[in-house]
file input-v2.txt (compact mmCIF, C-alpha atoms)
# COMPACT_ATOMS: atom_id res chain seq x y z
CA MET R 199 -29.51 90.87 116.92
CA ALA R 200 -29.36 88.39 119.73
CA ASP R 201 -26.59 88.82 122.30
CA ALA R 202 -23.79 86.30 122.66
CA ILE R 203 -25.26 84.11 125.41
CA ALA R 204 -26.75 81.21 123.52
CA GLY R 205 -30.03 79.92 124.85
CA VAL R 206 -31.34 83.02 126.56
CA ALA R 207 -31.27 85.63 123.81
CA ARG R 208 -34.73 86.52 122.63
CA THR R 209 -35.99 88.23 119.54
CA GLN R 210 -39.20 90.18 119.10
CA VAL R 211 -41.52 88.62 116.54
CA THR R 212 -44.57 90.41 115.17
CA VAL R 213 -47.04 88.57 112.98
CA THR R 214 -50.55 89.13 111.73
CA VAL R 215 -52.59 86.11 112.81
CA ASN R 216 -56.09 85.77 111.40
CA GLY R 217 -56.07 89.50 110.68
CA GLN R 218 -54.84 90.58 114.12
CA GLU R 219 -51.36 91.88 114.86
CA ARG R 220 -49.68 89.85 117.59
CA SER R 221 -46.19 90.05 119.08
CA GLY R 222 -43.99 87.99 121.34
CA ASN R 223 -40.42 87.48 122.44
CA VAL R 224 -39.00 84.16 121.37
CA GLU R 225 -35.73 82.31 121.26
CA PRO R 226 -34.54 81.72 117.69
CA ARG R 227 -35.13 78.00 118.24
CA THR R 228 -38.81 78.48 119.07
CA LEU R 229 -40.91 76.70 116.47
CA LEU R 230 -43.82 78.55 114.94
CA VAL R 231 -46.29 75.99 116.29
CA HIS R 232 -45.13 76.62 119.86
CA PHE R 233 -45.28 80.39 119.35
CA LEU R 234 -48.87 80.07 118.13
CA ARG R 235 -49.96 77.70 120.90
CA ASP R 236 -47.92 78.73 123.93
CA ASP R 237 -47.33 82.45 123.38
CA LEU R 238 -50.47 83.43 121.47
CA GLY R 239 -52.85 80.84 123.00
CA LEU R 240 -54.02 79.58 119.60
CA THR R 241 -54.26 75.91 120.52
CA GLY R 242 -56.37 74.92 117.52
CA THR R 243 -53.11 74.20 115.69
CA HIS R 244 -52.04 70.80 116.96
CA VAL R 245 -48.70 69.11 117.56
CA GLY R 246 -48.90 65.56 116.30
CA CYS R 247 -45.70 63.78 115.31
CA ASP R 248 -43.38 66.75 115.76
CA THR R 249 -41.18 65.28 113.02
CA SER R 250 -42.64 67.02 109.94
CA GLN R 251 -44.66 63.98 108.92
CA CYS R 252 -48.24 64.26 110.12
CA GLY R 253 -49.53 67.70 109.19
CA ALA R 254 -51.59 68.31 112.37
CA CYS R 255 -49.75 71.66 112.67
CA VAL R 256 -50.47 72.99 109.17
CA VAL R 257 -51.19 76.73 108.91
CA THR R 258 -50.65 79.16 106.05
CA VAL R 259 -47.84 81.72 106.13
CA ASP R 260 -48.35 84.48 103.58
CA GLY R 261 -50.76 82.11 101.87
CA VAL R 262 -48.27 79.23 101.64
CA THR R 263 -49.23 75.92 103.25
CA THR R 264 -46.78 75.34 106.09
CA LYS R 265 -46.05 72.70 108.72
CA SER R 266 -45.61 75.06 111.64
CA CYS R 267 -43.40 72.52 113.46
CA THR R 268 -40.90 72.91 110.63
CA LYS R 269 -40.74 76.71 110.62
CA LEU R 270 -39.05 78.92 113.17
CA ALA R 271 -41.16 81.64 114.72
CA VAL R 272 -38.45 84.17 113.82
CA GLN R 273 -38.81 83.20 110.16
CA ALA R 274 -42.45 84.27 110.26
CA ASP R 275 -41.67 87.78 111.55
CA GLY R 276 -43.71 90.28 109.55
CA CYS R 277 -45.77 87.56 107.87
CA SER R 278 -49.50 87.02 107.74
CA ILE R 279 -50.58 83.72 109.27
CA GLU R 280 -53.91 81.97 109.04
CA THR R 281 -54.85 79.26 111.52
CA ILE R 282 -57.95 77.13 112.00
CA GLU R 283 -59.29 79.76 114.43
CA GLY R 284 -59.47 82.26 111.56
CA LEU R 285 -61.84 80.30 109.34
CA ALA R 286 -65.26 80.61 110.97
CA ASP R 287 -67.10 83.92 110.83
CA GLY R 288 -68.59 83.98 114.31
CA THR R 289 -70.86 80.96 114.48
CA ASN R 290 -70.87 80.55 110.69
CA TYR R 291 -68.46 77.83 109.71
CA HIS R 292 -66.23 78.08 106.67
CA PRO R 293 -67.55 75.84 103.83
CA ILE R 294 -64.69 73.39 104.42
CA GLN R 295 -65.59 73.13 108.11
CA ASP R 296 -69.21 72.61 107.14
CA ALA R 297 -68.18 69.94 104.67
CA PHE R 298 -66.19 67.99 107.27
CA TRP R 299 -69.32 68.10 109.47
CA GLU R 300 -71.73 67.11 106.69
CA LYS R 301 -69.58 64.32 105.24
CA HIS R 302 -68.28 63.03 108.55
CA GLY R 303 -64.68 63.85 107.66
CA LEU R 304 -63.42 63.30 111.18
CA GLN R 305 -63.66 60.95 114.08
CA CYS R 306 -61.32 61.97 116.91
CA GLY R 307 -60.66 65.33 115.29
CA TYR R 308 -56.98 65.60 116.13
CA CYS R 309 -55.81 65.88 112.52
CA THR R 310 -58.76 68.02 111.45
CA PRO R 311 -57.32 71.54 111.85
CA GLY R 312 -54.29 70.65 109.74
CA MET R 313 -56.41 68.68 107.30
CA ILE R 314 -58.75 71.64 106.81
CA MET R 315 -55.91 74.15 106.43
CA SER R 316 -54.24 71.92 103.81
CA ALA R 317 -57.56 71.45 102.02
CA LYS R 318 -58.08 75.22 102.00
CA ALA R 319 -54.67 75.80 100.41
CA LEU R 320 -55.45 73.11 97.85
CA LEU R 321 -58.84 74.55 96.91
CA GLU R 322 -57.42 78.05 96.59
CA ARG R 323 -54.97 76.73 94.00
CA ASN R 324 -57.26 74.22 92.37
CA PRO R 325 -60.99 74.86 92.89
CA ASP R 326 -62.03 71.67 91.09
CA PRO R 327 -59.57 68.92 92.06
CA SER R 328 -60.00 65.29 91.06
CA GLU R 329 -60.12 62.61 93.74
CA ALA R 330 -56.54 61.64 92.89
CA GLU R 331 -55.40 65.26 93.18
CA ILE R 332 -57.05 65.59 96.59
CA ARG R 333 -55.37 62.44 97.86
CA HIS R 334 -51.99 63.52 96.46
CA GLU R 335 -52.18 67.05 97.91
CA LEU R 336 -53.20 65.77 101.34
CA GLU R 337 -50.36 63.23 101.53
CA GLY R 338 -48.66 65.39 104.14
CA ASN R 339 -51.64 65.08 106.50
CA LEU R 340 -52.08 61.82 108.35
CA CYS R 341 -55.36 60.59 109.82
CA ARG R 342 -55.43 57.45 111.97
CA CYS R 343 -59.23 57.22 112.28
CA THR R 344 -61.12 57.70 109.07
CA GLY R 345 -59.19 55.81 106.41
CA TYR R 346 -59.41 59.11 104.47
CA GLN R 347 -62.54 58.19 102.49
CA ASN R 348 -64.75 60.73 104.18
CA ILE R 349 -62.02 63.33 104.24
CA VAL R 350 -61.80 63.12 100.45
CA LYS R 351 -65.59 63.31 100.24
CA SER R 352 -65.55 66.35 102.52
CA VAL R 353 -63.05 68.16 100.32
CA GLN R 354 -65.04 67.28 97.19
CA TYR R 355 -68.21 68.55 98.88
CA ALA R 356 -66.48 71.76 99.99
CA ALA R 357 -65.08 72.31 96.50
CA GLU R 358 -68.56 72.01 95.03
CA LYS R 359 -70.02 74.45 97.57
CA MET R 360 -67.18 76.93 97.14
CA ARG R 361 -67.57 76.86 93.36
CA GLY R 362 -71.22 77.71 93.92
CA ALA R 363 -72.29 74.57 92.08
CA GLY R 364 -74.01 72.91 95.04
CA MET Y 74 -38.96 68.63 120.25
CA PHE Y 75 -36.92 71.70 119.58
CA PRO Y 76 -33.35 72.36 118.47
CA THR Y 77 -30.40 73.28 120.65
CA SER Y 78 -29.94 77.03 121.00
CA PHE Y 79 -28.51 78.98 118.12
CA GLU Y 80 -28.24 82.53 116.88
CA TYR Y 81 -30.42 83.55 113.96
CA HIS Y 82 -29.46 85.99 111.25
CA ARG Y 83 -31.78 86.94 108.42
CA ALA Y 84 -29.62 87.86 105.44
CA THR Y 85 -30.77 90.46 102.95
CA SER Y 86 -28.08 89.89 100.32
CA VAL Y 87 -25.72 87.16 99.16
CA ALA Y 88 -22.68 89.29 100.06
CA GLU Y 89 -23.95 89.73 103.60
CA ALA Y 90 -24.65 86.00 103.95
CA VAL Y 91 -21.17 85.08 102.67
CA ALA Y 92 -19.63 87.52 105.17
CA MET Y 93 -21.66 86.01 108.03
CA LEU Y 94 -20.55 82.51 107.08
CA GLY Y 95 -16.95 83.68 106.96
CA GLU Y 96 -17.17 85.20 110.44
CA HIS Y 97 -19.02 82.25 111.98
CA PRO Y 98 -17.48 78.91 111.04
CA ASP Y 99 -20.21 77.05 112.96
CA ALA Y 100 -23.00 78.73 111.01
CA LYS Y 101 -25.27 76.88 108.61
CA ILE Y 102 -27.38 78.22 105.79
CA LEU Y 103 -31.14 78.00 106.26
CA ALA Y 104 -32.90 77.60 102.90
CA GLY Y 105 -36.28 75.83 102.77
CA GLY Y 106 -35.44 74.22 106.08
CA HIS Y 107 -37.31 70.99 105.48
CA SER Y 108 -34.19 68.85 105.86
CA LEU Y 109 -32.20 71.05 108.25
CA ILE Y 110 -34.88 71.93 110.83
CA PRO Y 111 -36.02 68.30 111.30
CA ALA Y 112 -32.34 67.30 111.66
CA MET Y 113 -31.86 70.05 114.26
CA LYS Y 114 -34.97 68.95 116.18
CA LEU Y 115 -33.57 65.42 116.31
CA ARG Y 116 -30.25 66.96 117.44
CA LEU Y 117 -28.52 65.37 114.47
CA ALA Y 118 -27.38 68.90 113.61
CA ALA Y 119 -26.59 71.66 116.10
CA PRO Y 120 -25.26 74.71 114.27
CA ALA Y 121 -24.33 77.71 116.43
CA MET Y 122 -25.94 80.08 113.96
CA LEU Y 123 -28.44 79.97 111.13
CA VAL Y 124 -28.09 82.39 108.24
CA ASP Y 125 -31.56 82.55 106.72
CA LEU Y 126 -31.64 83.10 102.95
CA THR Y 127 -35.40 82.97 102.51
CA ARG Y 128 -35.74 86.73 102.01
CA VAL Y 129 -32.75 87.29 99.74
CA ALA Y 130 -34.60 88.50 96.67
CA GLU Y 131 -31.60 88.14 94.33
CA LEU Y 132 -31.72 84.35 94.88
CA LYS Y 133 -35.26 83.99 93.50
CA GLY Y 134 -36.66 83.57 90.04
CA VAL Y 135 -36.49 81.56 86.84
CA THR Y 136 -35.53 82.86 83.38
CA LEU Y 137 -35.09 81.07 80.07
CA GLY Y 138 -32.81 82.56 77.44
CA ASP Y 139 -29.41 82.33 75.68
CA GLY Y 140 -29.74 78.57 75.51
CA VAL Y 141 -30.08 78.05 79.24
CA ALA Y 142 -32.55 78.14 82.08
CA THR Y 143 -31.25 80.24 84.99
CA ILE Y 144 -32.84 79.32 88.29
CA GLY Y 145 -32.29 81.30 91.48
CA ALA Y 146 -31.09 78.92 94.20
CA MET Y 147 -33.88 79.91 96.62
CA THR Y 148 -36.59 79.21 94.06
CA THR Y 149 -38.97 76.77 95.75
CA TYR Y 150 -40.02 73.49 94.19
CA ASP Y 151 -43.51 74.87 93.59
CA GLU Y 152 -42.18 78.08 92.04
CA LEU Y 153 -39.87 76.05 89.80
CA ARG Y 154 -42.36 73.49 88.53
CA PHE Y 155 -44.93 76.15 87.69
CA ALA Y 156 -42.43 78.65 86.21
CA GLU Y 157 -43.17 79.59 82.61
CA GLY Y 158 -41.39 77.36 80.12
CA ILE Y 159 -39.93 74.88 82.62
CA ALA Y 160 -42.38 72.02 82.08
CA ASP Y 161 -41.99 72.33 78.28
CA ALA Y 162 -38.20 72.49 78.32
CA PHE Y 163 -37.62 69.96 81.10
CA PRO Y 164 -40.57 67.60 81.67
CA ALA Y 165 -38.45 65.68 84.20
CA ILE Y 166 -38.51 68.66 86.58
CA PRO Y 167 -42.26 68.81 87.30
CA GLU Y 168 -42.36 65.00 87.26
CA ALA Y 169 -39.73 64.84 89.98
CA ILE Y 170 -41.12 67.72 92.04
CA ASN Y 171 -44.58 66.20 91.97
CA VAL Y 172 -43.23 63.20 93.91
CA ILE Y 173 -41.00 65.05 96.38
CA GLY Y 174 -42.12 64.71 100.01
CA ASP Y 175 -45.55 66.26 100.42
CA GLN Y 176 -47.22 69.52 99.44
CA GLN Y 177 -45.69 71.41 102.37
CA VAL Y 178 -42.19 70.28 101.34
CA ARG Y 179 -42.92 71.25 97.73
CA ALA Y 180 -44.05 74.68 98.92
CA HIS Y 181 -40.90 75.37 100.97
CA GLY Y 182 -38.04 73.24 99.65
CA THR Y 183 -35.58 74.98 97.33
CA ILE Y 184 -33.50 73.72 94.41
CA GLY Y 185 -30.31 75.21 95.83
CA GLY Y 186 -31.00 73.59 99.18
CA ALA Y 187 -31.62 70.20 97.58
CA LEU Y 188 -28.36 70.30 95.61
CA ALA Y 189 -26.26 71.57 98.53
CA HIS Y 190 -27.75 69.00 100.92
CA ASN Y 191 -27.16 66.13 98.46
CA ASP Y 192 -29.37 63.64 100.22
CA PRO Y 193 -28.59 60.23 98.66
CA ALA Y 194 -32.33 59.63 98.16
CA ALA Y 195 -33.17 63.08 96.79
CA ASP Y 196 -35.01 63.43 93.48
CA LEU Y 197 -33.82 66.71 91.99
CA THR Y 198 -30.11 65.90 92.33
CA ALA Y 199 -30.50 63.16 89.72
CA VAL Y 200 -32.60 65.34 87.42
CA PHE Y 201 -30.06 68.17 87.67
CA LEU Y 202 -27.21 65.83 86.75
CA ALA Y 203 -29.13 64.18 83.90
CA LEU Y 204 -29.95 67.59 82.43
CA GLY Y 205 -26.26 68.55 82.43
CA GLY Y 206 -26.66 71.31 85.00
CA ARG Y 207 -24.08 73.47 86.72
CA VAL Y 208 -24.22 75.79 89.71
CA GLU Y 209 -22.96 79.31 90.25
CA VAL Y 210 -21.50 79.76 93.69
CA ALA Y 211 -20.62 82.78 95.84
CA GLY Y 212 -17.97 82.40 98.54
CA SER Y 213 -15.13 84.17 100.28
CA SER Y 214 -12.87 83.34 97.33
CA GLY Y 215 -15.27 85.03 94.91
CA PRO Y 216 -17.87 83.73 92.49
CA ARG Y 217 -17.24 80.59 90.47
CA THR Y 218 -19.07 77.87 88.59
CA ILE Y 219 -19.12 74.18 89.52
CA ASP Y 220 -20.12 71.65 86.92
CA GLY Y 221 -22.75 69.19 88.12
CA GLU Y 222 -20.36 66.31 87.49
CA ASP Y 223 -17.99 67.80 90.09
CA LEU Y 224 -20.59 68.86 92.68
CA PHE Y 225 -21.65 65.61 94.34
CA VAL Y 226 -18.91 63.84 96.29
CA ASP Y 227 -20.53 61.28 98.57
CA LEU Y 228 -23.47 60.83 100.99
CA TRP Y 229 -24.61 64.36 101.98
CA THR Y 230 -21.25 65.67 100.78
CA THR Y 231 -20.53 68.14 97.99
CA SER Y 232 -17.49 69.98 96.73
CA LEU Y 233 -18.89 73.25 98.17
CA GLU Y 234 -16.67 75.01 100.73
CA PRO Y 235 -18.22 75.79 104.14
CA ASP Y 236 -18.74 79.45 103.26
CA ASP Y 237 -19.98 78.79 99.73
CA ILE Y 238 -23.56 79.60 98.77
CA ILE Y 239 -25.15 78.27 95.59
CA THR Y 240 -26.64 81.35 93.96
CA ARG Y 241 -27.93 80.04 90.63
CA VAL Y 242 -28.60 76.74 88.96
CA ILE Y 243 -27.96 76.71 85.21
CA LEU Y 244 -29.56 74.09 82.96
CA PRO Y 245 -28.70 73.97 79.26
CA LEU Y 246 -31.73 73.84 76.97
CA ALA Y 247 -31.54 70.60 75.00
CA ALA Y 248 -30.93 70.98 71.27
CA ASP Y 249 -33.56 68.41 70.43
CA GLY Y 250 -36.31 69.78 72.59
CA ALA Y 251 -37.84 68.12 75.57
CA ARG Y 252 -36.86 64.49 75.99
CA SER Y 253 -36.39 64.13 79.70
CA ALA Y 254 -38.29 62.11 82.29
CA TYR Y 255 -38.11 61.00 85.92
CA ARG Y 256 -39.51 57.82 87.45
CA LYS Y 257 -39.33 56.82 91.10
CA HIS Y 258 -40.17 54.07 93.54
CA ALA Y 259 -40.89 55.98 96.74
CA HIS Y 260 -40.41 54.55 100.21
CA PRO Y 261 -43.96 54.10 101.49
CA ALA Y 262 -43.28 55.81 104.82
CA SER Y 263 -40.74 58.52 104.07
CA GLY Y 264 -41.56 59.28 100.45
CA TYR Y 265 -37.84 59.37 99.67
CA ALA Y 266 -36.58 57.54 96.58
CA VAL Y 267 -35.77 53.88 97.18
CA VAL Y 268 -34.67 54.24 93.59
CA GLY Y 269 -35.22 57.12 91.21
CA VAL Y 270 -34.07 57.38 87.59
CA ALA Y 271 -33.77 60.60 85.60
CA VAL Y 272 -33.16 60.45 81.86
CA ALA Y 273 -32.39 63.11 79.27
CA ILE Y 274 -32.07 61.99 75.66
CA GLU Y 275 -31.08 63.99 72.60
CA ALA Y 276 -32.03 62.10 69.45
CA ALA Y 277 -32.17 64.46 66.49
CA GLY Y 278 -33.32 62.52 63.44
CA GLY Y 279 -34.10 59.50 65.61
CA VAL Y 280 -30.43 58.74 66.40
CA VAL Y 281 -29.24 59.17 69.98
CA SER Y 282 -26.55 61.85 70.07
CA LYS Y 283 -26.59 62.19 73.84
CA ALA Y 284 -27.98 59.87 76.49
CA SER Y 285 -27.94 60.75 80.15
CA ILE Y 286 -29.37 58.27 82.66
CA VAL Y 287 -28.85 59.08 86.35
CA VAL Y 288 -29.77 56.89 89.31
CA THR Y 289 -30.61 58.17 92.81
CA GLY Y 290 -31.65 56.38 96.00
CA ALA Y 291 -29.67 53.23 95.23
CA THR Y 292 -26.22 54.78 95.24
CA SER Y 293 -24.36 56.98 97.71
CA LYS Y 294 -24.69 59.93 95.37
CA PRO Y 295 -26.54 60.52 92.08
CA THR Y 296 -24.67 58.35 89.59
CA HIS Y 297 -24.72 57.87 85.83
CA ALA Y 298 -25.83 54.45 84.62
CA ALA Y 299 -22.85 54.57 82.30
CA ALA Y 300 -23.34 51.15 80.72
CA ALA Y 301 -26.90 51.96 79.68
CA GLU Y 302 -25.84 55.39 78.40
CA ALA Y 303 -23.14 53.79 76.25
CA ALA Y 304 -25.62 51.22 74.94
CA LEU Y 305 -27.87 53.98 73.62
CA ALA Y 306 -25.24 56.33 72.20
CA GLY Y 307 -25.25 56.43 68.42
CA LYS Y 308 -28.17 54.00 68.16
CA ALA Y 309 -31.64 54.57 66.81
CA PHE Y 310 -33.88 55.55 69.73
CA ASP Y 311 -36.27 52.61 69.43
CA ALA Y 312 -37.62 49.63 71.37
CA ASP Y 313 -34.55 47.47 70.63
CA SER Y 314 -31.94 49.95 71.82
CA LEU Y 315 -34.12 50.76 74.81
CA ALA Y 316 -34.37 47.10 75.83
CA ALA Y 317 -30.62 46.64 75.39
CA ALA Y 318 -29.91 49.64 77.61
CA VAL Y 319 -32.40 48.56 80.27
CA SER Y 320 -30.93 45.08 80.54
CA ILE Y 321 -27.57 46.51 81.68
CA ALA Y 322 -28.84 49.60 83.52
CA ALA Y 323 -27.56 48.47 86.92
CA ASP Y 324 -24.21 47.18 85.62
CA GLY Y 325 -21.15 48.75 87.17
CA LEU Y 326 -23.06 50.66 89.86
CA GLU Y 327 -22.20 50.42 93.56
CA ILE Y 328 -25.68 49.74 94.89
CA ASN Y 329 -26.59 50.04 98.56
CA GLY Y 330 -28.94 47.64 100.35
CA ASP Y 331 -30.86 48.17 103.57
CA PRO Y 332 -33.56 46.25 105.49
CA TYR Y 333 -36.29 47.75 103.31
CA ALA Y 334 -34.68 47.17 99.93
CA SER Y 335 -31.80 44.79 99.25
CA GLU Y 336 -29.09 45.44 96.72
CA GLU Y 337 -30.72 42.89 94.40
CA TYR Y 338 -34.14 44.53 94.72
CA ARG Y 339 -32.69 47.95 94.03
CA SER Y 340 -30.85 46.58 90.96
CA GLN Y 341 -34.16 45.31 89.64
CA LEU Y 342 -35.86 48.64 90.39
CA ILE Y 343 -33.12 50.48 88.49
CA LYS Y 344 -33.92 48.44 85.39
CA VAL Y 345 -37.68 48.84 85.74
CA LEU Y 346 -37.50 52.58 86.37
CA THR Y 347 -34.93 53.11 83.60
CA ARG Y 348 -37.32 51.42 81.19
CA ARG Y 349 -40.27 53.52 82.35
CA ALA Y 350 -38.29 56.75 82.21
CA LEU Y 351 -36.89 55.98 78.73
CA GLU Y 352 -40.34 55.03 77.45
CA ALA Y 353 -41.72 58.31 78.80
CA ALA Y 354 -38.88 60.24 77.14
CA MET Y 355 -39.39 58.36 73.88
CA SER Y 356 -43.08 59.27 73.84
CA ARG Y 357 -42.24 63.00 73.97
call {"tool": "encode", "arguments": {"input": "input-v2.txt", "output": "structure tokens"}}
result
Amino acid sequence: MADAIAGVARTQVTVTVNGQERSGNVEPRTLLVHFLRDDLGLTGTHVGCDTSQCGACVVTVDGVTTKSCTKLAVQADGCSIETIEGLADGTNYHPIQDAFWEKHGLQCGYCTPGMIMSAKALLERNPDPSEAEIRHELEGNLCRCTGYQNIVKSVQYAAEKMRGAG
Amino acid sequence: MFPTSFEYHRATSVAEAVAMLGEHPDAKILAGGHSLIPAMKLRLAAPAMLVDLTRVAELKGVTLGDGVATIGAMTTYDELRFAEGIADAFPAIPEAINVIGDQQVRAHGTIGGALAHNDPAADLTAVFLALGGRVEVAGSSGPRTIDGEDLFVDLWTTSLEPDDIITRVILPLAADGARSAYRKHAHPASGYAVVGVAVAIEAAGGVVSKASIVVTGATSKPTHAAAAEAALAGKAFDADSLAAAVSIAADGLEINGDPYASEEYRSQLIKVLTRRALEAAMSR
């Protein structure tokens, strides 16, 4: 339990990130995204709007799609977290990463980590989504470059590959 | 952006959480956090302590039986809409949850949090009221039940005491099966309801024995469209009674206007969405 001096008390947080156990000391007010980026050096998770709108910071926490700017690091204590850095196997991209490459699902790339993590959560729940379902499920991820067309195509392409139909 | 400093306490039971709230008058409950944490980051809220309920197992889960659905207050929107029997008994629930926020909100937001927060543009508050729900509450004065009609007081204000915790949400199973629906006009930027309308109709033998029509987004709290309800009561549930109810759906309501949607526009939306929701209910 934190001591009585507000603002300086720190709590130990231990999480499993991309299969590796990592720990840090954080203030209760530390957001998960800052813990990942600043304490653990995992800067693939981006900070976009910082107001829970844009989805650049999406990771999964115990498999649940999560805007990491809207979760406290202390809330994730003991949880298993997956970030964009956990997807590729060495130099082999995850099928969703491949799909974003193949179908040109990005331009500047800033939204891409969150977009891919949201797409992954979607495809784990629904391996064969319709175009409307993809657009609806990705509403929490904003892209200012692509107009979304190629992002939707990328997710459709990834779904096909992951179902083994391609 | 980050919140002002606070102490964090992860509760493991309702009793422990109630005790913490009693000892710390400046504490707030952390449920799904998707309203509270953004408000804290904007410094609109600065509680001295958060009591986190997300790992209190006794607050989770959905059961149907004895004429009611019993929903643990920390059941997330996703858990609720996919829970066995919910979509069949209350079609309005998955309809409303499907248009709440975005997928991350649906994955984290909780029904207890939504009701306790009472955002004037929330979706589930209206559905809860239309379905005739009540909440079970734990607090320093012991457990009690609050009827939905007595829960919502005003903008972001409920009849809950500061150390009260909603533990369960109880929804009566309708006698005449599943005749509920929810329709919404979402704000294009925020996704919140500019207007939302939840309806629950009981019409055994084709005659309306109970009509509940609740408006959100347009009013300071979820509010019955009483004129439209009265127009349907005792009538055959058909196109004529529906049209009569729709034409007076906004009558008697205190409707708010803002730069995005005027009072007049919201009045019109109430009628349109009441019609769509009633037509959806009628088709079930």
call {"tool": "closest_residue", "arguments": {"input": "input-v2.txt", "among": "Y:Asp175, Y:Asp161, Y:Asp125, Y:Glu234", "to": "chain R", "atoms": "all atoms listed in the file"}}
result
Y:Asp175
call {"tool": "residues_near_point", "arguments": {"input": "input-v2.txt", "point": "(-41.7, 74.7, 94.6)", "cutoff": "8 Å", "atoms": "only C-alpha atoms", "output": "PyMOL selection string"}}
result
chain Y and resi 148-155+170+179-183
call {"tool": "atom_distance", "arguments": {"input": "input-v2.txt", "atom1": "atom CA of R:Thr344", "atom2": "atom CA of R:Phe298"}}
result
11.6 Å
call {"tool": "atom_distance", "arguments": {"input": "input-v2.txt", "atom1": "atom CA of Y:Ala273", "atom2": "atom CA of Y:Ile173"}}
result
19.3 Å
call {"tool": "residues_near_point", "arguments": {"input": "input-v2.txt", "point": "(-28.3, 72.1, 97.0)", "cutoff": "10 Å", "atoms": "all atoms listed in the file", "output": "MDAnalysis selection string"}}
result
chainID Y and resid 104 146:147 183:192 197:198 208 224:225 229 231 233 238:240 242
call {"tool": "interface_residues", "arguments": {"input": "input-v2.txt", "of": "chain Y", "to": "chain R", "cutoff": "6 Å", "atoms": "all atoms listed in the file", "output": "ChimeraX atom specification"}}
result
/Y:76,78,81,175-177
call {"tool": "atom_distance", "arguments": {"input": "input-v2.txt", "atom1": "atom CA of Y:Gly290", "atom2": "atom CA of Y:Pro164"}}
result
20.3 Å
call {"tool": "residues_around", "arguments": {"input": "input-v2.txt", "residues": "Y:Glu337", "least_positions_apart": "3", "cutoff": "12 Å", "atoms": "all atoms listed in the file", "output": "short mmCIF file (atom, residue, chain, number, x, y, z; two decimals) with C-alpha atoms, keeping the file's coordinate frame"}}
result
data_model
loop_
_atom_site.label_atom_id
_atom_site.label_comp_id
_atom_site.auth_asym_id
_atom_site.auth_seq_id
_atom_site.Cartn_x
_atom_site.Cartn_y
_atom_site.Cartn_z
CA ALA Y 291 -29.67 53.23 95.23
CA ALA Y 323 -27.56 48.47 86.92
CA ASP Y 324 -24.21 47.18 85.62
CA LEU Y 326 -23.06 50.66 89.86
CA GLU Y 327 -22.20 50.42 93.56
CA ILE Y 328 -25.68 49.74 94.89
CA ASN Y 329 -26.59 50.04 98.56
CA GLY Y 330 -28.94 47.64 100.35
CA ASP Y 331 -30.86 48.17 103.57
CA PRO Y 332 -33.56 46.25 105.49
CA TYR Y 333 -36.29 47.75 103.31
CA ALA Y 334 -34.68 47.17 99.93
CA SER Y 340 -30.85 46.58 90.96
CA GLN Y 341 -34.16 45.31 89.64
CA LEU Y 342 -35.86 48.64 90.39
CA ILE Y 343 -33.12 50.48 88.49
CA LYS Y 344 -33.92 48.44 85.39
#
call {"tool": "axis_aligned_box", "arguments": {"input": "input-v2.txt", "around": "stretch 331-350 of chain R", "padding_each_side": "6 Å", "output": "JSON"}}
result
{"center_x": -56.7, "center_y": 61.4, "center_z": 102.7, "size_x": 28.1, "size_y": 23.2, "size_z": 31.1}
call {"tool": "closest_residue", "arguments": {"input": "input-v2.txt", "among": "R:Gln295, R:Asn223, R:Thr212, R:Gln354", "to": "R:Ser328", "atoms": "only C-alpha atoms"}}
result
R:Gln354
call {"tool": "closest_residue", "arguments": {"input": "input-v2.txt", "among": "Y:Leu244, Y:Val210, Y:Ala284, Y:Ile110", "to": "Y:Ala162", "atoms": "all atoms listed in the file"}}
result
Y:Leu244
call {"tool": "residues_around", "arguments": {"input": "input-v2.txt", "residues": "R:Glu300", "least_positions_apart": "6", "cutoff": "10 Å", "atoms": "all atoms listed in the file", "output": "VMD selection string"}}
result
chain R and resid 294 348 351 to 352 355 to 356
call {"tool": "residues_around", "arguments": {"input": "input-v2.txt", "residues": "R:Gly345", "least_positions_apart": "2", "cutoff": "12 Å", "atoms": "all atoms listed in the file", "output": "PyMOL selection string"}}
result
chain R and resi 302-305+333+339-343+347-351
call {"tool": "write_last_selection", "arguments": {"input": "input-v2.txt", "atoms": "C-alpha atoms", "output": "short mmCIF file (atom, residue, chain, number, x, y, z; two decimals), in the coordinates of the input"}}
result
data_model
loop_
_atom_site.label_atom_id
_atom_site.label_comp_id
_atom_site.auth_asym_id
_atom_site.auth_seq_id
_atom_site.Cartn_x
_atom_site.Cartn_y
_atom_site.Cartn_z
CA HIS R 302 -68.28 63.03 108.55
CA GLY R 303 -64.68 63.85 107.66
CA LEU R 304 -63.42 63.30 111.18
CA GLN R 305 -63.66 60.95 114.08
CA ARG R 333 -55.37 62.44 97.86
CA ASN R 339 -51.64 65.08 106.50
CA LEU R 340 -52.08 61.82 108.35
CA CYS R 341 -55.36 60.59 109.82
CA ARG R 342 -55.43 57.45 111.97
CA CYS R 343 -59.23 57.22 112.28
CA GLN R 347 -62.54 58.19 102.49
CA ASN R 348 -64.75 60.73 104.18
CA ILE R 349 -62.02 63.33 104.24
CA VAL R 350 -61.80 63.12 100.45
CA LYS R 351 -65.59 63.31 100.24
#
call {"tool": "closest_residue", "arguments": {"input": "input-v2.txt", "among": "Y:Val267, Y:Leu115, Y:Gly105, Y:Ala350", "to": "Y:Thr77", "atoms": "all atoms listed in the file"}}
result
Y:Leu115
call {"tool": "residues_around", "arguments": {"input": "input-v2.txt", "residues": "R:Arg361", "least_positions_apart": "2", "cutoff": "12 Å", "atoms": "all atoms listed in the file", "output": "PyMOL selection string"}}
result
chain R and resi 293-294+321-322+324-327+354-359+363-364
